[in-house]
file data_24.txt (compact mmCIF, C-alpha atoms)
# COMPACT_ATOMS: atom_id res chain seq x y z
CA MET K 17 0.00 0.00 0.00
CA LEU K 18 1.42 3.34 -1.09
CA ASN K 19 1.07 6.29 1.28
CA VAL K 20 1.15 9.89 0.18
CA ASP K 21 1.03 12.55 2.87
CA SER K 22 -1.96 14.82 3.15
CA ILE K 23 -1.36 18.43 2.20
CA GLU K 24 -1.56 21.50 4.42
CA ARG K 25 -2.55 23.87 1.67
CA GLY K 26 -3.36 23.13 -1.96
CA ILE K 27 -5.71 21.32 -4.30
CA VAL K 28 -6.85 17.72 -4.41
CA ILE K 29 -8.34 16.58 -7.67
CA ASP K 30 -10.21 13.43 -6.78
CA HIS K 31 -12.36 10.76 -8.45
CA ILE K 32 -10.49 10.95 -11.72
CA LYS K 33 -11.38 8.01 -13.90
CA ALA K 34 -8.59 5.44 -13.52
CA GLY K 35 -5.96 5.96 -16.19
CA ARG K 36 -6.95 9.56 -17.00
CA GLY K 37 -4.78 11.21 -14.35
CA MET K 38 -1.79 11.73 -16.64
CA PHE K 39 -3.99 13.36 -19.28
CA ILE K 40 -5.26 15.85 -16.72
CA TYR K 41 -1.75 16.39 -15.36
CA ASN K 42 -0.55 17.22 -18.85
CA TYR K 43 -3.56 19.33 -19.77
CA LEU K 44 -3.26 21.48 -16.65
CA LYS K 45 0.48 21.82 -17.43
CA LEU K 46 1.31 20.77 -13.91
CA ASP K 47 4.81 19.88 -15.08
CA GLU K 48 5.48 23.62 -15.38
CA LEU K 49 4.81 24.24 -11.68
CA ASP K 50 7.52 24.25 -9.04
CA SER K 51 5.17 22.85 -6.41
CA CYS K 52 5.25 19.39 -4.98
CA ILE K 53 2.68 17.35 -6.93
CA ALA K 54 1.55 13.76 -6.53
CA LEU K 55 -0.22 11.84 -9.24
CA ILE K 56 -1.50 8.57 -7.86
CA LYS K 57 -2.91 5.98 -10.22
CA ASN K 58 -5.35 3.19 -9.54
CA VAL K 59 -6.25 4.16 -5.99
CA ARG K 60 -8.86 1.84 -4.50
CA SER K 61 -12.28 3.48 -4.48
CA GLU K 62 -15.58 2.26 -3.06
CA LYS K 63 -17.58 4.12 -5.68
CA GLN K 64 -15.40 3.60 -8.73
CA GLY K 65 -13.41 0.47 -7.92
CA LYS K 66 -10.28 2.30 -9.03
CA LYS K 67 -9.58 5.98 -9.49
CA ASP K 68 -6.72 8.41 -10.08
CA LEU K 69 -5.90 11.28 -7.76
CA ILE K 70 -3.76 14.42 -8.03
CA LYS K 71 -2.51 16.42 -5.07
CA ILE K 72 -1.00 19.84 -5.68
CA ASP K 73 0.84 21.38 -2.77
CA ASP K 74 0.69 25.08 -1.91
CA ILE K 75 -1.25 26.34 -4.91
CA ILE K 76 -4.96 27.05 -4.95
CA ASP K 77 -5.47 29.35 -7.90
CA ILE K 78 -5.36 27.06 -10.93
CA ASN K 79 -8.18 27.42 -13.45
CA LEU K 80 -9.89 24.06 -13.23
CA GLU K 81 -13.06 24.93 -15.13
CA VAL K 82 -12.14 22.74 -18.06
CA LEU K 83 -12.18 19.64 -15.86
CA GLY K 84 -15.97 19.81 -16.11
CA PHE K 85 -15.64 19.05 -19.80
CA ILE K 86 -13.04 16.36 -19.38
CA ASP K 87 -14.98 14.51 -16.66
CA PRO K 88 -17.83 16.10 -14.69
CA LYS K 89 -17.55 13.34 -12.05
CA ILE K 90 -14.18 14.67 -10.91
CA THR K 91 -14.27 16.42 -7.53
CA VAL K 92 -11.98 19.25 -6.56
CA ASN K 93 -11.16 20.07 -2.95
CA ILE K 94 -9.35 23.19 -1.84
CA VAL K 95 -7.31 22.57 1.29
CA GLU K 96 -6.17 25.24 3.79
CA LYS K 97 -4.45 24.50 7.08
CA GLY K 98 -4.91 20.79 6.52
CA HIS K 99 -8.69 21.00 6.12
CA ILE K 100 -10.98 21.04 3.11
CA VAL K 101 -12.33 24.59 2.97
CA LYS K 102 -14.10 24.38 -0.36
CA LYS K 103 -15.51 21.66 -2.57
CA ILE K 104 -15.85 22.77 -6.17
CA ASN K 105 -18.73 21.29 -8.11
CA LEU K 106 -17.63 21.10 -11.67
CA ALA K 107 -19.96 22.48 -14.30
CA LEU K 108 -19.73 22.29 -18.04
CA PRO K 109 -17.83 25.35 -19.25
CA ASP K 110 -19.49 27.49 -21.94
CA THR K 111 -16.46 27.27 -24.19
CA ILE K 112 -13.40 25.10 -24.29
CA VAL K 113 -10.30 26.20 -26.12
CA ASP K 114 -7.47 23.91 -27.21
CA VAL K 115 -8.55 21.06 -24.97
CA VAL K 116 -9.52 18.68 -27.75
CA LYS K 117 -8.92 18.94 -31.46
CA CYS K 118 -11.71 18.85 -33.99
CA LYS K 119 -11.69 15.41 -35.57
CA ASN K 120 -13.51 16.46 -38.74
CA PRO K 121 -10.89 16.15 -41.49
CA ARG K 122 -12.81 18.72 -43.53
CA CYS K 123 -12.63 21.33 -40.75
CA ILE K 124 -10.45 24.39 -41.39
CA THR K 125 -8.64 23.69 -38.10
CA SER K 126 -7.01 20.69 -39.81
CA VAL K 127 -4.95 23.01 -42.03
CA GLU K 128 -4.98 26.50 -40.51
CA ASN K 129 -2.28 26.50 -37.84
CA SER K 130 -2.81 29.90 -36.26
CA ILE K 131 -6.32 29.32 -34.92
CA ASN K 132 -7.54 27.79 -31.68
CA HIS K 133 -9.56 24.61 -31.50
CA GLU K 134 -12.65 26.08 -29.92
CA PHE K 135 -15.94 24.43 -28.94
CA ARG K 136 -19.14 25.92 -27.54
CA LEU K 137 -21.63 24.22 -25.24
CA THR K 138 -24.86 23.70 -27.20
CA ASP K 139 -26.75 21.16 -25.09
CA MET K 140 -26.27 21.30 -21.33
CA GLU K 141 -28.31 18.13 -20.68
CA LYS K 142 -26.37 15.97 -23.10
CA GLY K 143 -23.09 17.77 -22.52
CA SER K 144 -22.77 18.42 -26.25
CA TYR K 145 -20.29 20.86 -27.67
CA ARG K 146 -19.93 22.10 -31.25
CA CYS K 147 -16.81 23.16 -33.09
CA VAL K 148 -17.22 26.90 -33.71
CA TYR K 149 -15.88 26.47 -37.25
CA CYS K 150 -17.53 23.34 -38.67
CA ASP K 151 -20.28 22.54 -36.09
CA SER K 152 -19.02 19.00 -35.48
CA ILE K 153 -20.43 17.64 -32.23
CA TYR K 154 -18.31 16.52 -29.27
CA SER K 155 -19.53 15.17 -25.96
CA ALA K 156 -18.12 15.99 -22.57
CA GLY K 157 -16.61 13.24 -20.47
CA MET D 27 -28.53 47.15 -39.33
CA LEU D 28 -26.80 44.94 -41.86
CA LYS D 29 -24.03 47.35 -42.90
CA GLY D 30 -20.59 45.92 -42.17
CA ARG D 31 -21.93 42.52 -41.09
CA HIS D 32 -20.73 39.12 -42.31
CA LEU D 33 -22.88 36.28 -43.59
CA ILE D 34 -21.32 32.96 -42.62
CA ASP D 35 -24.28 30.91 -41.41
CA PRO D 36 -27.85 31.38 -42.70
CA MET D 37 -28.93 31.85 -39.08
CA ASP D 38 -26.60 34.85 -38.65
CA PHE D 39 -29.50 37.08 -39.68
CA SER D 40 -32.89 37.31 -38.01
CA THR D 41 -36.02 36.66 -40.08
CA GLU D 42 -36.63 40.43 -40.06
CA GLU D 43 -33.17 41.01 -41.52
CA ILE D 44 -33.70 38.27 -44.08
CA ASN D 45 -37.05 39.78 -45.02
CA GLU D 46 -35.31 43.15 -45.42
CA ILE D 47 -32.90 41.56 -47.93
CA LEU D 48 -35.76 39.80 -49.76
CA ASP D 49 -37.74 43.07 -49.88
CA LEU D 50 -34.86 44.92 -51.50
CA ALA D 51 -34.30 42.01 -53.93
CA GLY D 52 -37.96 42.34 -54.91
CA GLU D 53 -37.47 46.06 -55.59
CA ILE D 54 -34.37 45.37 -57.68
CA ILE D 55 -36.30 42.79 -59.74
CA ALA D 56 -39.04 45.38 -60.34
CA ASN D 57 -36.68 48.25 -61.24
CA PRO D 58 -33.19 46.96 -62.05
CA LYS D 59 -32.16 50.19 -63.80
CA PHE D 60 -32.55 52.18 -60.58
CA TYR D 61 -29.76 50.10 -59.08
CA ALA D 62 -27.37 50.01 -62.03
CA ASP D 63 -24.81 52.38 -60.47
CA VAL D 64 -25.35 52.16 -56.72
CA CYS D 65 -22.08 50.27 -56.15
CA LYS D 66 -19.94 52.34 -58.50
CA GLY D 67 -16.48 52.64 -56.98
CA TYR D 68 -16.87 49.55 -54.81
CA VAL D 69 -14.87 46.37 -55.37
CA LEU D 70 -16.04 42.81 -54.69
CA ALA D 71 -13.35 40.16 -54.19
CA THR D 72 -14.43 36.64 -55.15
CA LEU D 73 -12.08 34.22 -53.42
CA PHE D 74 -12.99 30.79 -54.73
CA PHE D 75 -10.58 28.21 -53.39
CA GLU D 76 -12.52 25.53 -55.26
CA PRO D 77 -14.30 25.63 -58.61
CA SER D 78 -17.84 26.89 -58.91
CA THR D 79 -19.90 27.98 -61.88
CA ARG D 80 -23.15 29.36 -60.59
CA THR D 81 -22.19 30.86 -57.28
CA ARG D 82 -19.09 32.74 -58.43
CA LEU D 83 -20.66 34.03 -61.63
CA SER D 84 -23.82 34.93 -59.75
CA PHE D 85 -21.82 37.05 -57.29
CA GLU D 86 -19.86 38.66 -60.10
CA ALA D 87 -22.97 39.34 -62.17
CA ALA D 88 -24.63 40.81 -59.09
CA MET D 89 -21.78 43.27 -58.43
CA LEU D 90 -21.41 44.21 -62.12
CA ARG D 91 -25.15 44.89 -62.38
CA LEU D 92 -24.82 47.24 -59.41
CA GLY D 93 -22.09 49.15 -61.22
CA GLY D 94 -19.26 47.83 -59.05
CA SER D 95 -16.07 46.04 -59.98
CA VAL D 96 -14.94 42.49 -59.35
CA MET D 97 -11.57 40.84 -58.79
CA GLY D 98 -10.48 37.48 -57.46
CA PHE D 99 -9.51 33.95 -58.31
CA SER D 100 -11.44 30.81 -59.18
CA SER D 101 -9.24 28.05 -57.81
CA ALA D 102 -6.75 27.58 -54.99
CA GLU D 103 -4.04 26.81 -57.57
CA SER D 104 -4.19 30.35 -58.90
CA SER D 105 -3.88 31.92 -55.44
CA SER D 106 -1.22 32.09 -52.75
CA ALA D 107 -2.99 29.21 -51.01
CA ALA D 108 -0.98 27.04 -53.42
CA LYS D 109 2.17 28.40 -51.71
CA GLY D 110 0.74 27.50 -48.32
CA GLU D 111 -0.66 30.88 -47.31
CA SER D 112 -3.25 30.71 -44.54
CA VAL D 113 -6.83 31.91 -44.89
CA ALA D 114 -6.13 34.47 -42.15
CA ASP D 115 -3.23 36.03 -44.09
CA THR D 116 -5.06 35.88 -47.42
CA ILE D 117 -8.06 37.78 -46.11
CA ARG D 118 -5.96 40.41 -44.34
CA THR D 119 -4.29 41.14 -47.67
CA ILE D 120 -7.49 41.10 -49.73
CA ALA D 121 -9.20 43.43 -47.25
CA CYS D 122 -6.64 46.06 -48.27
CA TYR D 123 -7.89 45.96 -51.86
CA ALA D 124 -11.62 45.19 -51.76
CA ASP D 125 -14.71 46.52 -50.00
CA ILE D 126 -16.55 43.21 -49.68
CA CYS D 127 -15.60 39.57 -50.19
CA ALA D 128 -17.42 36.42 -51.28
CA MET D 129 -15.54 33.27 -50.44
CA ARG D 130 -15.83 29.57 -51.21
CA HIS D 131 -13.48 27.11 -49.58
CA PRO D 132 -13.37 23.30 -49.41
CA LYS D 133 -12.62 23.39 -45.68
CA GLU D 134 -15.59 23.81 -43.33
CA GLY D 135 -15.34 26.95 -41.24
CA ALA D 136 -12.85 28.73 -43.52
CA PRO D 137 -15.16 31.77 -43.98
CA LYS D 138 -15.51 31.89 -40.19
CA VAL D 139 -11.73 32.24 -39.94
CA ALA D 140 -11.83 34.93 -42.63
CA GLU D 141 -14.48 36.79 -40.63
CA MET D 142 -12.23 36.81 -37.56
CA TYR D 143 -9.43 38.53 -39.44
CA SER D 144 -11.37 40.77 -41.81
CA ASP D 145 -12.55 44.34 -41.51
CA ILE D 146 -14.62 44.06 -44.70
CA PRO D 147 -17.85 42.02 -44.89
CA ILE D 148 -17.31 38.33 -45.67
CA ILE D 149 -20.00 36.34 -47.45
CA ASN D 150 -19.76 32.57 -47.25
CA GLY D 151 -20.17 31.21 -50.77
CA GLY D 152 -20.04 27.61 -49.54
CA ASP D 153 -17.64 25.87 -47.15
CA GLY D 154 -17.30 22.14 -47.77
CA GLY D 155 -20.47 20.29 -46.81
CA HIS D 156 -21.23 22.81 -44.10
CA GLN D 157 -23.11 26.00 -45.04
CA HIS D 158 -24.20 27.83 -48.16
CA PRO D 159 -26.21 30.80 -46.86
CA THR D 160 -26.66 32.67 -50.14
CA GLN D 161 -28.29 29.55 -51.61
CA THR D 162 -30.70 29.69 -48.68
CA LEU D 163 -31.48 33.35 -49.41
CA THR D 164 -31.96 32.36 -53.06
CA ASP D 165 -34.38 29.60 -52.09
CA LEU D 166 -36.36 31.88 -49.80
CA LEU D 167 -36.60 34.59 -52.45
CA THR D 168 -37.72 32.01 -55.02
CA ILE D 169 -40.54 30.77 -52.79
CA ARG D 170 -41.62 34.26 -51.82
CA SER D 171 -41.47 35.67 -55.34
CA ILE D 172 -43.47 32.84 -56.89
CA ARG D 173 -45.98 32.30 -54.08
CA GLY D 174 -46.05 35.71 -52.44
CA ARG D 175 -45.22 34.62 -48.90
CA ILE D 176 -43.09 32.26 -46.82
CA SER D 177 -45.56 30.61 -44.45
CA ASP D 178 -48.28 27.95 -44.32
CA TYR D 179 -46.59 25.49 -46.68
CA THR D 180 -45.91 21.81 -46.82
CA VAL D 181 -42.35 21.59 -48.08
CA GLY D 182 -40.93 18.34 -49.41
CA PHE D 183 -37.21 17.65 -49.54
CA CYS D 184 -36.21 14.70 -51.68
CA GLY D 185 -32.95 12.86 -52.25
CA ASP D 186 -29.75 13.10 -50.28
CA LEU D 187 -30.82 14.84 -47.10
CA LYS D 188 -27.80 13.73 -45.10
CA PHE D 189 -24.96 15.40 -46.97
CA GLY D 190 -26.86 18.19 -48.73
CA ARG D 191 -25.80 21.46 -47.13
CA THR D 192 -28.47 23.42 -49.00
CA VAL D 193 -31.12 21.18 -47.47
CA HIS D 194 -29.90 21.65 -43.90
CA SER D 195 -29.65 25.42 -44.27
CA LEU D 196 -33.09 25.76 -45.83
CA ILE D 197 -34.77 23.56 -43.21
CA LYS D 198 -33.20 25.71 -40.48
CA ALA D 199 -34.25 28.93 -42.18
CA LEU D 200 -37.81 27.80 -42.98
CA SER D 201 -38.28 26.52 -39.43
CA ARG D 202 -38.41 30.14 -38.28
CA TYR D 203 -41.43 30.94 -40.45
CA GLU D 204 -45.08 30.30 -39.50
CA ASN D 205 -46.78 26.97 -40.06
CA ILE D 206 -44.23 25.19 -42.22
CA LYS D 207 -44.55 21.41 -42.39
CA PHE D 208 -41.71 19.26 -43.72
CA MET D 209 -41.91 16.00 -45.64
CA LEU D 210 -38.48 14.45 -45.85
CA VAL D 211 -38.10 11.86 -48.59
CA SER D 212 -34.91 9.83 -48.68
CA PRO D 213 -33.54 6.33 -48.27
CA GLU D 214 -32.86 5.36 -44.67
CA GLU D 215 -29.11 5.89 -45.16
CA LEU D 216 -29.52 9.48 -46.36
CA ARG D 217 -31.97 10.90 -43.84
CA VAL D 218 -31.35 14.32 -42.30
CA PRO D 219 -28.58 14.35 -39.66
CA ASP D 220 -29.60 13.87 -36.03
CA TYR D 221 -28.82 17.47 -35.17
CA ILE D 222 -31.33 18.75 -37.75
CA ARG D 223 -33.99 16.30 -36.53
CA GLU D 224 -33.40 16.91 -32.82
CA GLU D 225 -32.07 20.45 -32.48
CA VAL D 226 -34.14 22.06 -35.23
CA LEU D 227 -37.30 20.03 -35.88
CA ILE D 228 -38.14 18.32 -32.59
CA LYS D 229 -36.81 21.10 -30.34
CA ASN D 230 -38.93 23.72 -32.12
CA ASN D 231 -42.01 21.51 -32.33
CA ILE D 232 -41.98 21.55 -36.12
CA ASN D 233 -44.34 19.19 -37.88
CA PHE D 234 -42.37 16.72 -40.05
CA VAL D 235 -42.50 13.21 -41.46
CA GLU D 236 -39.77 11.03 -42.93
CA VAL D 237 -40.70 8.68 -45.76
CA ASP D 238 -38.79 6.78 -48.42
CA LYS D 239 -41.08 7.19 -51.44
CA LEU D 240 -41.81 10.45 -53.19
CA GLU D 241 -45.09 9.26 -54.69
CA GLU D 242 -46.69 8.85 -51.25
CA ILE D 243 -46.48 12.51 -50.35
CA MET D 244 -46.66 14.29 -53.69
CA PRO D 245 -50.33 15.40 -53.49
CA SER D 246 -49.80 17.33 -50.26
CA LEU D 247 -46.75 19.36 -51.30
CA ASP D 248 -46.62 23.11 -51.95
CA VAL D 249 -42.87 23.15 -52.51
CA LEU D 250 -40.67 20.27 -53.65
CA TYR D 251 -36.92 20.66 -53.21
CA MET D 252 -35.03 18.04 -55.17
CA THR D 253 -31.41 17.02 -54.56
CA ARG D 254 -29.22 14.44 -56.21
CA VAL D 255 -28.87 10.93 -54.81
CA GLN D 256 -25.38 9.73 -55.58
CA ARG D 257 -24.71 6.05 -56.07
CA GLU D 258 -21.56 6.19 -53.93
CA ARG D 259 -23.60 7.30 -50.91
CA PHE D 260 -25.37 3.92 -50.71
CA PHE D 261 -24.01 1.13 -48.60
CA ASN D 262 -25.02 -1.51 -51.07
CA GLU D 263 -25.93 -1.75 -54.71
CA GLU D 264 -29.27 -3.50 -54.01
CA ASP D 265 -30.62 -0.55 -52.05
CA TYR D 266 -29.49 1.84 -54.75
CA ILE D 267 -31.27 -0.14 -57.47
CA ARG D 268 -34.38 -0.55 -55.31
CA LEU D 269 -34.67 3.11 -54.47
CA LYS D 270 -33.04 5.15 -57.21
CA ASP D 271 -36.15 5.62 -59.36
CA SER D 272 -38.07 6.96 -56.43
CA TYR D 273 -35.72 9.92 -56.35
CA ILE D 274 -36.02 10.86 -59.99
CA LEU D 275 -38.77 13.35 -60.65
CA ASP D 276 -40.67 12.90 -63.92
CA LEU D 277 -44.02 13.97 -65.29
CA LYS D 278 -45.69 10.74 -64.19
CA LYS D 279 -44.79 11.40 -60.55
CA LEU D 280 -46.16 14.92 -60.92
CA GLU D 281 -49.62 13.68 -62.05
CA ASN D 282 -50.99 13.88 -58.51
CA ALA D 283 -49.16 17.05 -57.56
CA LYS D 284 -50.81 20.39 -56.89
CA ASP D 285 -51.08 22.75 -59.83
CA ASP D 286 -49.28 25.52 -57.95
CA LEU D 287 -46.44 23.33 -56.67
CA ILE D 288 -42.97 24.90 -56.92
CA ILE D 289 -40.23 22.48 -57.99
CA MET D 290 -36.82 23.65 -56.83
CA HIS D 291 -33.26 22.34 -57.14
CA PRO D 292 -29.99 24.03 -56.13
CA LEU D 293 -28.36 22.85 -59.41
CA PRO D 294 -26.33 21.38 -60.98
CA ARG D 295 -28.91 18.77 -61.93
CA VAL D 296 -27.70 15.42 -63.24
CA ASN D 297 -30.64 13.06 -63.74
CA GLU D 298 -32.75 13.53 -60.63
CA ILE D 299 -35.19 15.73 -62.52
CA ALA D 300 -36.11 14.37 -65.94
CA VAL D 301 -35.59 16.92 -68.72
CA GLU D 302 -39.29 16.57 -69.63
CA VAL D 303 -40.14 18.38 -66.37
CA ASP D 304 -38.30 21.53 -67.51
CA LYS D 305 -41.27 22.58 -69.61
CA ASP D 306 -43.78 22.09 -66.79
CA HIS D 307 -45.01 25.42 -65.43
CA ARG D 308 -44.18 24.25 -61.91
CA ALA D 309 -40.44 23.90 -62.64
CA ALA D 310 -38.72 26.80 -60.87
CA TYR D 311 -35.07 25.72 -60.80
CA PHE D 312 -33.81 27.94 -63.59
CA LYS D 313 -35.78 30.91 -62.27
CA GLN D 314 -34.13 30.08 -58.96
CA ALA D 315 -30.70 30.72 -60.50
CA LYS D 316 -31.89 34.18 -61.56
CA TYR D 317 -33.32 34.94 -58.15
CA GLY D 318 -29.90 33.96 -56.80
CA MET D 319 -28.31 36.87 -58.62
CA TYR D 320 -30.95 39.35 -57.43
CA VAL D 321 -30.69 38.27 -53.83
CA ARG D 322 -26.91 38.62 -53.98
CA MET D 323 -27.33 42.14 -55.40
CA SER D 324 -29.52 42.98 -52.45
CA LEU D 325 -27.12 41.34 -49.98
CA ILE D 326 -24.11 43.23 -51.35
CA MET D 327 -26.00 46.53 -51.09
CA LYS D 328 -27.10 45.83 -47.53
CA LEU D 329 -23.66 44.74 -46.29
CA LEU D 330 -21.99 47.73 -47.96
CA GLY D 331 -24.70 50.01 -46.63
CA VAL D 332 -25.48 51.59 -50.00
CA SER D 333 -28.94 52.54 -51.18
CA VAL D 334 -30.48 53.87 -54.34
CA ASN D 335 -30.55 57.38 -52.89
CA ALA D 336 -27.04 57.39 -51.52
call {"tool": "encode", "arguments": {"input": "data_24.txt", "output": "structure tokens"}}
result
Amino acid sequence: MLNVDSIERGIVIDHIKAGRGMFIYNYLKLDELDSCIALIKNVRSEKQGKKDLIKIDDIIDINLEVLGFIDPKITVNIVEKGHIVKKINLALPDTIVDVVKCKNPRCITSVENSINHEFRLTDMEKGSYRCVYCDSIYSAG
Amino acid sequence: MLKGRHLIDPMDFSTEEINEILDLAGEIIANPKFYADVCKGYVLATLFFEPSTRTRLSFEAAMLRLGGSVMGFSSAESSSAAKGESVADTIRTIACYADICAMRHPKEGAPKVAEMYSDIPIINGGDGGHQHPTQTLTDLLTIRSIRGRISDYTVGFCGDLKFGRTVHSLIKALSRYENIKFMLVSPEELRVPDYIREEVLIKNNINFVEVDKLEEIMPSLDVLYMTRVQRERFFNEEDYIRLKDSYILDLKKLENAKDDLIIMHPLPRVNEIAVEVDKDHRAAYFKQAKYGMYVRMSLIMKLLGVSVNA
């Protein structure tokens, strides 16, 4: 059994679908931070069986909005003085920029390098997003 | 206010704004000479990154008939795109020379990119299988000019309803008018995409049916919009052979049709409308091409903000 210390101050990104932790680590560019960061894979979970977990020490101001698109089941806890002071309920962001690439080979984003891959939320219930250029549909999660 | 705006998606304009464009088109049709010089001194750039006959010439004819000038290219090979220039850079350069730009591009969303980098109005002249808003304006003007209004119709769409961009755009546009009922005729494989069915038709409570034979619904139609069914779209040859004749309009199929039906087609036609139908008084597809020029004249005037009294 692997033990990772609890943090005094920072962020805990919990209930990440097992195997997706590295994707989130890379997307949030956590490698660029100087903080102490733990990415734990395949943690035993009563709800999920297995899950991934990320602990970020001493930083609480990362923009985590996009996690709602990647996986709305993820939970985010803000820790101060060793206690959870805030639980962030993830919502689907209105727009997502450069998180996923449009897969439509006919989309202008496949050839025009200078533009962002941008999607807008079009159906909150289904979690559907559309490419702002070609209208291709993508689903959150 | 349409001056300075772009037209990328047919839904960019409200129905009031579309009606404003159709109203002016109607005035131009009635008195074309009044408008012969209104765009004198203005330049239209036609940036056609893929070949087109009707759309490009229709834009050019529209600007010339308004007294303006036209410049541009008719294939990517004859532009800097062949050297790898981006759409963003191309449009920033063209905007230095022209006052308004019509653009066709094989990549979906290319006119949207142009819009982001342009300080002159951009008109989408077709982007891949995505949008073709001036065809939609053409179709609306055709219906309104021939029948006097755009409401209270049963509109049939026949053929390839899955990949036909003109079909999707027109369904979306017509859905905003009063009491329009749709009859969608196509083989199972070529039905309208889910997003049209769910986000446009079902979401807005629009009355529609989907059938696979044209004959079944012919008597109830006020407008029939034909599109081409291409053999390569079918998953198997048997289905193509079984269904192909159902999607070819001939005089026999028109026997039970209303006398004031309007038969439309975005053109080019291959064999989906028999040549014998051309002489029928209900055939509107060549008139449609002419309405296309008039509606583009009106659109250019509105986006440039010029009027007959200016």
call {"tool": "interface_residues", "arguments": {"input": "data_24.txt", "of": "chain K", "to": "chain D", "cutoff": "9 Å", "atoms": "all atoms listed in the file", "output": "ChimeraX atom specification"}}
result
/K:120-131,148-151,153
call {"tool": "residues_around", "arguments": {"input": "data_24.txt", "residues": "Arg223 in chain D", "least_positions_apart": "3", "cutoff": "12 Å", "atoms": "all atoms listed in the file", "output": "mmCIF file with C-alpha atoms, keeping the file's coordinate frame"}}
result
data_model
loop_
_atom_site.group_PDB
_atom_site.id
_atom_site.type_symbol
_atom_site.label_atom_id
_atom_site.label_comp_id
_atom_site.auth_asym_id
_atom_site.auth_seq_id
_atom_site.Cartn_x
_atom_site.Cartn_y
_atom_site.Cartn_z
ATOM 1 C CA LEU D 187 -30.820 14.840 -47.100
ATOM 2 C CA LYS D 188 -27.800 13.730 -45.100
ATOM 3 C CA HIS D 194 -29.900 21.650 -43.900
ATOM 4 C CA ILE D 197 -34.770 23.560 -43.210
ATOM 5 C CA LYS D 198 -33.200 25.710 -40.480
ATOM 6 C CA SER D 201 -38.280 26.520 -39.430
ATOM 7 C CA PHE D 208 -41.710 19.260 -43.720
ATOM 8 C CA LEU D 210 -38.480 14.450 -45.850
ATOM 9 C CA ARG D 217 -31.970 10.900 -43.840
ATOM 10 C CA VAL D 218 -31.350 14.320 -42.300
ATOM 11 C CA PRO D 219 -28.580 14.350 -39.660
ATOM 12 C CA ASP D 220 -29.600 13.870 -36.030
ATOM 13 C CA VAL D 226 -34.140 22.060 -35.230
ATOM 14 C CA LEU D 227 -37.300 20.030 -35.880
ATOM 15 C CA ILE D 228 -38.140 18.320 -32.590
ATOM 16 C CA LYS D 229 -36.810 21.100 -30.340
ATOM 17 C CA ASN D 230 -38.930 23.720 -32.120
ATOM 18 C CA ASN D 231 -42.010 21.510 -32.330
ATOM 19 C CA ILE D 232 -41.980 21.550 -36.120
ATOM 20 C CA ASN D 233 -44.340 19.190 -37.880
ATOM 21 C CA PHE D 234 -42.370 16.720 -40.050
ATOM 22 C CA VAL D 235 -42.500 13.210 -41.460
ATOM 23 C CA GLU D 236 -39.770 11.030 -42.930
#
call {"tool": "residues_around", "arguments": {"input": "data_24.txt", "residues": "Ile90 in chain K", "least_positions_apart": "3", "cutoff": "7 Å", "atoms": "all atoms listed in the file", "output": "ChimeraX atom specification"}}
result
/K:29-32,87
call {"tool": "residues_near_point", "arguments": {"input": "data_24.txt", "point": "(-12.8, 27.1, -57.9)", "cutoff": "9 Å", "atoms": "all atoms listed in the file", "output": "ChimeraX atom specification"}}
result
/D:73-79,82,99-103,130-131
call {"tool": "atom_distance", "arguments": {"input": "data_24.txt", "atom1": "CA of Pro292 in chain D", "atom2": "CA of Gln161 in chain D"}}
result
7.3 Å
call {"tool": "atom_distance", "arguments": {"input": "data_24.txt", "atom1": "CA of Thr41 in chain D", "atom2": "CA of Ile149 in chain D"}}
result
17.6 Å
call {"tool": "atom_distance", "arguments": {"input": "data_24.txt", "atom1": "CA of Asp114 in chain K", "atom2": "CA of Arg191 in chain D"}}
result
27.2 Å
call {"tool": "residues_around", "arguments": {"input": "data_24.txt", "residues": "Pro109 in chain K", "least_positions_apart": "3", "cutoff": "12 Å", "atoms": "all atoms listed in the file", "output": "VMD selection string"}}
result
chain K and resid 79 to 88 105 to 106 112 to 113 115 134 to 140 143 to 145 156
